[in-house]
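Novice: Sharing coords-v4.txt (compact mmCIF, C-alpha atoms) below.
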```txt
# COMPACT_ATOMS: atom_id res chain seq x y z
CA ASN A 251 99.97 141.43 111.91
CA ARG A 252 97.43 138.67 111.77
CA VAL A 253 95.94 136.58 114.58
CA VAL A 254 94.32 133.22 113.87
CA ILE A 255 91.75 132.06 116.41
CA GLU A 256 90.97 128.36 116.25
CA GLU A 257 88.63 126.09 118.15
CA PHE A 258 90.36 123.35 120.13
CA LEU A 259 88.56 120.12 119.32
CA THR A 260 87.92 117.68 122.14
CA GLY A 261 86.24 114.31 122.20
CA ARG A 262 86.91 110.82 120.94
CA GLU A 263 88.63 110.13 117.66
CA VAL A 264 87.37 107.36 115.43
CA SER A 265 88.42 106.32 111.94
CA VAL A 266 85.85 105.08 109.45
CA LEU A 267 87.00 103.84 106.06
CA ALA A 268 84.36 103.40 103.39
CA PHE A 269 84.01 101.89 99.94
CA THR A 270 82.19 104.01 97.36
CA ASP A 271 81.32 103.72 93.70
CA GLY A 272 80.57 107.45 93.47
CA ARG A 273 76.99 107.07 94.67
CA THR A 274 76.66 104.29 97.24
CA VAL A 275 78.77 104.45 100.41
CA ARG A 276 79.51 101.24 102.35
CA PRO A 277 81.37 102.03 105.58
CA MET A 278 83.80 99.49 106.98
CA VAL A 279 84.16 98.50 110.63
CA ALA A 280 85.07 101.58 112.68
CA SER A 281 88.50 101.60 114.32
CA GLN A 282 90.45 103.67 116.84
CA ASP A 283 94.09 104.70 116.53
CA HIS A 284 96.60 105.57 119.28
CA LYS A 285 98.62 108.54 118.01
CA ARG A 286 100.77 109.44 121.02
CA ALA A 287 104.11 107.68 121.33
CA PHE A 288 103.77 106.42 124.88
CA ASP A 289 101.28 104.79 127.24
CA HIS A 290 98.31 106.82 128.53
CA ASP A 291 98.46 109.06 125.44
CA GLU A 292 101.71 110.73 126.49
CA GLY A 293 104.57 111.90 124.29
CA LEU A 294 104.65 113.25 120.76
CA ASN A 295 102.15 112.52 118.03
CA THR A 296 103.13 109.72 115.66
CA GLY A 297 101.74 108.10 112.54
CA GLY A 298 100.00 105.63 114.85
CA MET A 299 101.27 103.29 117.58
CA GLY A 300 98.47 100.78 117.32
CA THR A 301 94.81 100.30 116.51
CA PHE A 302 91.81 98.19 117.33
CA ALA A 303 88.48 97.43 115.71
CA PRO A 304 85.62 97.67 116.13
CA SER A 305 85.30 100.91 118.10
CA ARG A 306 83.22 100.29 121.20
CA PHE A 307 81.57 103.71 121.37
CA TYR A 308 80.74 103.99 117.64
CA THR A 309 77.17 102.75 118.06
CA PRO A 310 74.73 101.86 115.27
CA ALA A 311 72.86 105.09 116.02
CA LEU A 312 76.05 107.11 115.68
CA ALA A 313 76.94 105.26 112.47
CA GLU A 314 73.53 106.11 111.01
CA ARG A 315 74.00 109.75 111.92
CA CYS A 316 77.48 109.90 110.34
CA MET A 317 76.13 108.32 107.17
CA LYS A 318 73.42 110.97 106.96
CA GLU A 319 75.51 113.99 108.01
CA VAL A 320 79.01 113.18 106.74
CA PHE A 321 79.49 110.22 104.41
CA GLN A 322 76.67 110.64 101.89
CA PRO A 323 76.94 114.47 101.80
CA THR A 324 80.67 114.14 101.05
CA VAL A 325 80.09 111.91 98.03
CA ALA A 326 77.15 114.08 96.87
CA ALA A 327 79.27 117.24 97.10
CA MET A 328 82.05 115.73 94.98
CA ASN A 329 79.49 114.75 92.37
CA ALA A 330 78.01 118.26 92.45
CA GLU A 331 81.47 119.68 91.72
CA GLY A 332 81.91 117.33 88.79
CA ARG A 333 84.58 115.37 90.69
CA PRO A 334 83.00 111.95 91.31
CA PHE A 335 85.15 109.61 93.37
CA LYS A 336 85.36 105.82 93.28
CA GLY A 337 87.46 103.85 95.72
CA VAL A 338 88.20 104.06 99.43
CA LEU A 339 87.46 107.19 101.46
CA TYR A 340 88.97 107.63 104.90
CA PHE A 341 86.97 109.70 107.39
CA GLY A 342 88.87 110.84 110.48
CA LEU A 343 86.18 111.90 112.93
CA MET A 344 86.12 113.68 116.29
CA ILE A 345 82.99 112.95 118.28
CA ASP A 346 82.09 115.02 121.32
CA GLY A 347 78.61 114.38 122.61
CA GLU A 348 76.25 115.64 119.92
CA LYS A 349 79.05 117.17 117.84
CA VAL A 350 80.53 115.20 114.96
CA ARG A 351 83.50 116.91 113.27
CA VAL A 352 85.61 115.76 110.33
CA LEU A 353 89.29 116.00 111.22
CA GLU A 354 90.61 114.77 107.89
CA TYR A 355 89.82 113.00 104.65
CA ASN A 356 92.07 110.61 102.78
CA ALA A 357 91.38 109.04 99.40
CA ARG A 358 93.01 105.75 100.39
CA PHE A 359 93.24 103.11 103.06
CA GLY A 360 94.61 104.51 106.34
CA ASP A 361 97.61 103.15 108.23
CA PRO A 362 97.52 101.48 110.74
CA GLU A 363 93.70 101.30 110.73
CA THR A 364 93.61 99.06 107.67
CA GLN A 365 95.66 96.43 109.51
CA VAL A 366 92.74 95.77 111.87
CA VAL A 367 89.82 96.47 109.55
CA LEU A 368 90.52 94.23 106.55
CA PRO A 369 91.22 91.07 108.61
CA LEU A 370 87.57 91.29 109.73
CA LEU A 371 86.22 91.45 106.15
CA LYS A 372 84.32 88.29 105.16
CA SER A 373 83.39 89.35 101.61
CA ASP A 374 85.83 89.11 98.72
CA LEU A 375 87.83 92.34 98.52
CA LEU A 376 88.39 92.03 94.76
CA ASP A 377 84.64 91.73 94.16
CA ILE A 378 84.08 94.89 96.19
CA PHE A 379 86.74 96.77 94.22
CA GLN A 380 85.16 95.65 90.95
CA SER A 381 81.72 96.82 92.08
CA CYS A 382 83.21 100.23 92.96
CA ILE A 383 84.61 100.46 89.44
CA ASP A 384 81.39 99.25 87.79
CA GLY A 385 79.06 101.41 89.89
CA THR A 386 77.26 98.37 91.35
CA LEU A 387 78.30 98.65 95.00
CA GLU A 388 74.66 98.89 96.09
CA ASP A 389 74.16 95.26 95.00
CA GLN A 390 77.49 93.96 96.34
CA PRO A 391 77.47 92.13 99.70
CA VAL A 392 79.96 93.62 102.19
CA GLU A 393 79.95 91.38 105.25
CA TRP A 394 82.10 91.46 108.39
CA GLU A 395 83.20 88.87 110.91
CA GLU A 396 82.17 88.96 114.53
CA GLY A 397 84.95 89.55 117.03
CA ALA A 398 87.76 92.07 117.21
CA CYS A 399 91.24 92.80 115.90
CA VAL A 400 94.22 94.54 117.55
CA CYS A 401 97.47 95.83 116.00
CA VAL A 402 100.48 96.78 118.16
CA ILE A 403 103.21 98.83 116.46
CA LEU A 404 106.85 98.13 117.32
CA ALA A 405 108.87 101.32 116.87
CA SER A 406 112.52 102.34 116.80
CA GLY A 407 113.98 104.13 119.82
CA GLY A 408 113.74 107.89 119.32
CA TYR A 409 110.74 107.74 116.98
CA PRO A 410 109.03 110.02 115.94
CA VAL A 411 112.02 112.38 116.05
CA ARG A 412 115.41 110.74 115.47
CA TYR A 413 116.11 107.05 115.30
CA GLU A 414 118.85 104.80 114.01
CA LYS A 415 118.37 102.29 111.22
CA GLY A 416 120.01 98.96 110.50
CA LYS A 417 119.27 97.25 113.83
CA PRO A 418 119.06 93.43 113.43
CA ILE A 419 115.58 92.03 114.07
CA THR A 420 114.93 88.61 115.61
CA ILE A 421 111.46 87.11 115.22
CA GLY A 422 110.38 83.94 116.97
CA ARG A 423 107.70 81.59 115.74
CA MET A 424 104.45 83.51 115.56
CA ASP A 425 101.26 81.84 116.78
CA GLU A 426 98.76 80.64 114.20
CA GLY A 427 96.63 83.44 112.78
CA ILE A 428 99.01 86.26 113.69
CA ARG A 429 99.60 88.81 110.93
CA LEU A 430 102.97 90.54 111.00
CA TYR A 431 103.02 93.71 108.90
CA HIS A 432 106.46 94.94 107.84
CA ALA A 433 106.49 98.74 107.77
CA GLY A 434 110.12 99.81 108.28
CA THR A 435 112.26 96.76 107.56
CA LYS A 436 114.68 95.63 104.87
CA ARG A 437 117.02 92.76 104.03
CA THR A 438 120.75 93.35 103.97
CA ALA A 439 122.99 91.86 101.27
CA ASP A 440 123.63 88.84 103.47
CA GLY A 441 119.90 88.29 104.14
CA GLN A 442 119.69 89.81 107.63
CA LEU A 443 116.37 91.47 108.47
CA VAL A 444 117.04 94.93 109.91
CA THR A 445 115.13 98.07 110.88
CA ASP A 446 114.69 100.72 108.19
CA GLY A 447 112.14 103.14 109.60
CA GLY A 448 110.49 104.61 112.66
CA ARG A 449 107.51 102.29 112.77
CA VAL A 450 109.07 98.90 112.15
CA LEU A 451 106.50 96.12 112.54
CA GLY A 452 102.77 95.77 113.24
CA VAL A 453 101.77 92.69 115.26
CA THR A 454 98.10 91.97 114.56
CA ALA A 455 95.75 89.42 116.08
CA LYS A 456 92.05 88.57 115.90
CA GLY A 457 89.95 87.29 118.77
CA ARG A 458 86.40 86.55 119.83
CA ASP A 459 86.47 89.89 121.63
CA LEU A 460 88.83 92.79 122.17
CA GLU A 461 90.40 91.29 125.28
CA GLU A 462 91.32 88.03 123.51
CA ALA A 463 92.70 89.84 120.46
CA ARG A 464 94.79 92.13 122.64
CA ALA A 465 96.20 89.22 124.67
CA LYS A 466 97.19 87.35 121.49
CA ALA A 467 98.87 90.40 119.99
CA TYR A 468 100.94 91.19 123.08
CA ALA A 469 101.91 87.53 123.57
CA ASN A 470 103.51 87.60 120.12
CA VAL A 471 105.11 91.02 120.62
CA GLU A 472 107.26 89.30 123.25
CA LYS A 473 108.72 87.02 120.55
CA ILE A 474 110.28 89.94 118.62
CA HIS A 475 113.37 91.94 119.49
CA PHE A 476 115.61 94.64 118.06
CA ASP A 477 117.85 97.16 119.79
CA GLY A 478 115.85 100.19 120.95
CA MET A 479 112.46 98.59 120.29
CA PHE A 480 109.54 100.16 122.12
CA PHE A 481 105.76 99.89 121.96
CA ARG A 482 102.67 100.99 123.82
CA HIS A 483 101.28 98.59 126.40
CA ASP A 484 97.73 99.98 126.38
CA ILE A 485 96.52 99.42 122.82
CA GLY A 486 92.83 98.57 122.90
CA PHE A 487 92.04 100.02 126.31
CA LYS A 488 90.44 103.20 124.95
CA LEU A 489 86.68 103.52 125.29
```
For the structure just supplied, provide its representation as structure tokens.
Specialist:
Amino acid sequence: NRVVIEEFLTGREVSVLAFTDGRTVRPMVASQDHKRAFDHDEGLNTGGMGTFAPSRFYTPALAERCMKEVFQPTVAAMNAEGRPFKGVLYFGLMIDGEKVRVLEYNARFGDPETQVVLPLLKSDLLDIFQSCIDGTLEDQPVEWEEGACVCVILASGGYPVRYEKGKPITIGRMDEGIRLYHAGTKRTADGQLVTDGGRVLGVTAKGRDLEEARAKAYANVEKIHFDGMFFRHDIGFKL
């Protein structure tokens, strides 16, 4: 018989996506996800019920420390193994006081974090991609807008366990500037938009601050309906 003893990690989760050309690392705006299905972080874990950016507790001092202890060492280690990486790295971090732990890596944009990070990007994304390919990221401007962005996920009843598909979706007129990300939808033969997944839509809004972005997002959530639709009402309230 074998017993596995693991450390239970506590703290605050933050997601940091970063561009890299294999040498230079340019982190994006930090974001926070809400994994539990229901308000107040209750219910089962999901792929993400909503996100906001920037993270309010990910301070410049903490960002500098993560660059020194996590981001740059990761890229250096891949180079040392003869496996240089160019593209987008996703760092899932758990921060507990002085402890910074890496929960996961992904070699791609993360969902739904990307929905709130990229709308805040001022620089041209294609130029950044090209500099990653060419190895010139150090000389490429990567600038971000002031303000905040919030994404609220609309999910199918029963998600993340069992849920029905094919529920008709009605969408009212979205306010100017609202981004509506289709995650689990499809068109029927007669053109009807219906549900086709557990996480159905992501309603995303920008604002001068987190409170304004959150208010805009939830105001537009009210304009959407499908049978069994549910969502968290506390996206963006995490510290």
Novice: Taking a cut-off of 12 Å and counting all atoms listed in the file, can you build a table that, for each residue of range 252-361 of chain A near range 469-484 of chain A, reports the nearest atom pair and how far apart they are in Å (one decimal), sorted by chain then residue number, as a Markdown table?
Specialist:
```
| residue | atom | partner | partner_atom | distance |
| --- | --- | --- | --- | --- |
| A:Asp283 | CA | A:Asp484 | CA | 11.5 |
| A:His284 | CA | A:Arg482 | CA | 8.9 |
| A:Lys285 | CA | A:Arg482 | CA | 10.4 |
| A:Arg286 | CA | A:Arg482 | CA | 9.1 |
| A:Ala287 | CA | A:Arg482 | CA | 7.3 |
| A:Phe288 | CA | A:Arg482 | CA | 5.6 |
| A:Asp289 | CA | A:Arg482 | CA | 5.3 |
| A:His290 | CA | A:Asp484 | CA | 7.2 |
| A:Asp291 | CA | A:Asp484 | CA | 9.2 |
| A:Glu292 | CA | A:Arg482 | CA | 10.1 |
| A:Gly293 | CA | A:Arg482 | CA | 11.1 |
| A:Thr296 | CA | A:Arg482 | CA | 12.0 |
| A:Gly298 | CA | A:Arg482 | CA | 10.4 |
| A:Met299 | CA | A:Arg482 | CA | 6.8 |
| A:Gly300 | CA | A:Arg482 | CA | 7.7 |
| A:Thr301 | CA | A:Asp484 | CA | 10.3 |
| A:Phe302 | CA | A:Asp484 | CA | 11.0 |
```
Novice: Once you have the residues from the selection above, write them out as a PDB file, in the coordinates of the input, restricted to C-alpha atoms.
Specialist:
```
ATOM      1  CA  ASP A 283      94.090 104.700 116.530  1.00  0.00           C
ATOM      2  CA  HIS A 284      96.600 105.570 119.280  1.00  0.00           C
ATOM      3  CA  LYS A 285      98.620 108.540 118.010  1.00  0.00           C
ATOM      4  CA  ARG A 286     100.770 109.440 121.020  1.00  0.00           C
ATOM      5  CA  ALA A 287     104.110 107.680 121.330  1.00  0.00           C
ATOM      6  CA  PHE A 288     103.770 106.420 124.880  1.00  0.00           C
ATOM      7  CA  ASP A 289     101.280 104.790 127.240  1.00  0.00           C
ATOM      8  CA  HIS A 290      98.310 106.820 128.530  1.00  0.00           C
ATOM      9  CA  ASP A 291      98.460 109.060 125.440  1.00  0.00           C
ATOM     10  CA  GLU A 292     101.710 110.730 126.490  1.00  0.00           C
ATOM     11  CA  GLY A 293     104.570 111.900 124.290  1.00  0.00           C
ATOM     12  CA  THR A 296     103.130 109.720 115.660  1.00  0.00           C
ATOM     13  CA  GLY A 298     100.000 105.630 114.850  1.00  0.00           C
ATOM     14  CA  MET A 299     101.270 103.290 117.580  1.00  0.00           C
ATOM     15  CA  GLY A 300      98.470 100.780 117.320  1.00  0.00           C
ATOM     16  CA  THR A 301      94.810 100.300 116.510  1.00  0.00           C
ATOM     17  CA  PHE A 302      91.810  98.190 117.330  1.00  0.00           C
TER      18      PHE A 302
END
```
Novice: Quick one: which range 255-291 of chain A residues come within 9 Å of range 361-370 of chain A, and what is the nearest atom pair for each with the distance in Å to one decimal, counting only C-alpha atoms, rows ordered by chain and ascending number, as JSON lines?
Specialist:
```
{"residue": "A:Ser265", "atom": "CA", "partner": "A:Glu363", "partner_atom": "CA", "distance": 7.4}
{"residue": "A:Val266", "atom": "CA", "partner": "A:Glu363", "partner_atom": "CA", "distance": 8.8}
{"residue": "A:Leu267", "atom": "CA", "partner": "A:Thr364", "partner_atom": "CA", "distance": 8.3}
{"residue": "A:Met278", "atom": "CA", "partner": "A:Val367", "partner_atom": "CA", "distance": 7.2}
{"residue": "A:Val279", "atom": "CA", "partner": "A:Val367", "partner_atom": "CA", "distance": 6.1}
{"residue": "A:Ala280", "atom": "CA", "partner": "A:Val367", "partner_atom": "CA", "distance": 7.6}
{"residue": "A:Ser281", "atom": "CA", "partner": "A:Glu363", "partner_atom": "CA", "distance": 6.3}
{"residue": "A:Gln282", "atom": "CA", "partner": "A:Glu363", "partner_atom": "CA", "distance": 7.3}
{"residue": "A:Asp283", "atom": "CA", "partner": "A:Glu363", "partner_atom": "CA", "distance": 6.7}
```
Novice: Find, counting all atoms listed in the file, the residue in A:Gly486, A:Gly347, A:Trp394, A:Lys466 that gets nearest to Thr260 in chain A.
Specialist: A:Gly347
Novice: If we count all atoms listed in the file, what is near Asn356 in chain A at a cut-off of 12 Å, once residues fewer than 3 positions away on the same chain are taken out, given as a PyMOL selection string?
Specialist: chain A and resi 265-268+335+337-343+352-353+359-361
Novice: Pick out the residues sitting within 12 Å of range 447-449 of chain A, and hand them over as a count of residues only; count only C-alpha atoms, and ignore anything fewer than 2 positions along from it in its own chain.
Specialist: 39
Novice: Nearest to Glu388 in chain A among A:Met328, A:Ile419, A:Cys401, A:Val275, with distances taken over all atoms listed in the file: which residue is it?
Specialist: A:Val275
Novice: Using CA of Ala303 in chain A and CA of Ile383 in chain A as the two end points, give the distance in Å to one decimal.
Specialist: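 CA of Ile383 in chain A lies 26.7 Å from CA of Ala303 in chain A.
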Novice: Work out how far CA of Val264 in chain A is from CA of Ser305 in chain A, in Å to one decimal.
Specialist: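 Distance reported for this atom pair: 7.3 Å.
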Novice: Just to confirm, what's the straight-line distance from CA of Gly272 in chain A to CA of Leu387 in chain A in Å (one decimal)?
Specialist: 9.2 Å
Novice: Emit range 344-370 of chain A of the structure in the block as a file comprising N, CA, C and O atoms, as a short mmCIF file (atom, residue, chain, number, x, y, z; two decimals), in the first residue's frame.
Specialist:
```cif
data_model
loop_
_atom_site.label_atom_id
_atom_site.label_comp_id
_atom_site.auth_asym_id
_atom_site.auth_seq_id
_atom_site.Cartn_x
_atom_site.Cartn_y
_atom_site.Cartn_z
N MET A 344 -0.59 30.75 -6.75
CA MET A 344 -1.21 30.82 -5.45
C MET A 344 -0.29 31.63 -4.54
O MET A 344 0.88 31.27 -4.37
N ILE A 345 -0.82 32.71 -4.00
CA ILE A 345 0.01 33.62 -3.20
C ILE A 345 -0.53 33.66 -1.78
O ILE A 345 -1.69 33.99 -1.54
N ASP A 346 0.33 33.30 -0.84
CA ASP A 346 -0.04 33.25 0.57
C ASP A 346 1.05 33.94 1.37
O ASP A 346 2.07 33.34 1.69
N GLY A 347 0.82 35.21 1.65
CA GLY A 347 1.84 35.97 2.37
C GLY A 347 3.13 36.05 1.58
O GLY A 347 3.16 36.57 0.47
N GLU A 348 4.19 35.47 2.13
CA GLU A 348 5.49 35.49 1.46
C GLU A 348 5.67 34.33 0.50
O GLU A 348 6.66 34.28 -0.24
N LYS A 349 4.74 33.38 0.49
CA LYS A 349 4.86 32.21 -0.37
C LYS A 349 4.21 32.47 -1.72
O LYS A 349 3.07 32.91 -1.80
N VAL A 350 4.95 32.18 -2.78
CA VAL A 350 4.41 32.23 -4.14
C VAL A 350 4.57 30.85 -4.75
O VAL A 350 5.70 30.38 -4.93
N ARG A 351 3.48 30.18 -5.04
CA ARG A 351 3.52 28.83 -5.61
C ARG A 351 2.92 28.84 -7.01
O ARG A 351 1.97 29.57 -7.28
N VAL A 352 3.46 28.00 -7.88
CA VAL A 352 2.89 27.83 -9.22
C VAL A 352 1.91 26.67 -9.19
O VAL A 352 2.30 25.53 -8.92
N LEU A 353 0.64 26.95 -9.43
CA LEU A 353 -0.37 25.91 -9.47
C LEU A 353 -0.37 25.17 -10.80
O LEU A 353 -0.56 23.96 -10.87
N GLU A 354 -0.19 25.92 -11.88
CA GLU A 354 -0.21 25.30 -13.21
C GLU A 354 0.45 26.21 -14.23
O GLU A 354 0.54 27.43 -14.06
N TYR A 355 0.92 25.57 -15.30
CA TYR A 355 1.39 26.27 -16.49
C TYR A 355 0.47 25.88 -17.66
O TYR A 355 -0.02 24.76 -17.73
N ASN A 356 0.27 26.81 -18.55
CA ASN A 356 -0.32 26.49 -19.85
C ASN A 356 0.48 27.21 -20.92
O ASN A 356 0.96 28.33 -20.71
N ALA A 357 0.61 26.59 -22.06
CA ALA A 357 1.33 27.20 -23.18
C ALA A 357 0.30 27.79 -24.15
O ALA A 357 0.28 27.45 -25.34
N ARG A 358 -0.53 28.66 -23.63
CA ARG A 358 -1.62 29.24 -24.43
C ARG A 358 -2.30 30.33 -23.62
O ARG A 358 -2.05 30.50 -22.43
N PHE A 359 -3.21 31.05 -24.28
CA PHE A 359 -4.09 31.95 -23.55
C PHE A 359 -5.02 31.14 -22.66
O PHE A 359 -5.42 30.03 -23.01
N GLY A 360 -5.39 31.66 -21.50
CA GLY A 360 -6.29 30.97 -20.59
C GLY A 360 -7.71 31.49 -20.73
O GLY A 360 -7.94 32.65 -21.06
N ASP A 361 -8.67 30.62 -20.48
CA ASP A 361 -10.09 30.97 -20.57
C ASP A 361 -10.72 30.80 -19.20
O ASP A 361 -10.54 29.74 -18.58
N PRO A 362 -11.41 31.79 -18.63
CA PRO A 362 -11.86 33.04 -19.27
C PRO A 362 -10.99 34.27 -18.97
O PRO A 362 -11.45 35.39 -19.17
N GLU A 363 -9.76 34.06 -18.52
CA GLU A 363 -8.91 35.21 -18.21
C GLU A 363 -8.65 36.10 -19.42
O GLU A 363 -8.62 37.33 -19.32
N THR A 364 -8.44 35.47 -20.57
CA THR A 364 -8.12 36.24 -21.78
C THR A 364 -9.22 37.24 -22.13
O THR A 364 -8.95 38.32 -22.67
N GLN A 365 -10.47 36.89 -21.81
CA GLN A 365 -11.60 37.75 -22.14
C GLN A 365 -11.54 39.11 -21.45
O GLN A 365 -12.14 40.08 -21.93
N VAL A 366 -10.82 39.18 -20.30
CA VAL A 366 -10.71 40.47 -19.62
C VAL A 366 -9.32 41.10 -19.77
O VAL A 366 -9.15 42.29 -19.51
N VAL A 367 -8.35 40.31 -20.18
CA VAL A 367 -6.99 40.84 -20.33
C VAL A 367 -6.80 41.55 -21.67
O VAL A 367 -6.37 42.71 -21.73
N LEU A 368 -7.13 40.87 -22.76
CA LEU A 368 -6.86 41.46 -24.08
C LEU A 368 -7.66 42.73 -24.37
O LEU A 368 -7.15 43.60 -25.08
N PRO A 369 -8.90 42.90 -23.86
CA PRO A 369 -9.57 44.17 -24.10
C PRO A 369 -8.84 45.38 -23.51
O PRO A 369 -9.08 46.51 -23.92
N LEU A 370 -7.93 45.15 -22.57
CA LEU A 370 -7.17 46.25 -21.97
C LEU A 370 -5.84 46.51 -22.68
O LEU A 370 -5.12 47.43 -22.32
#
```
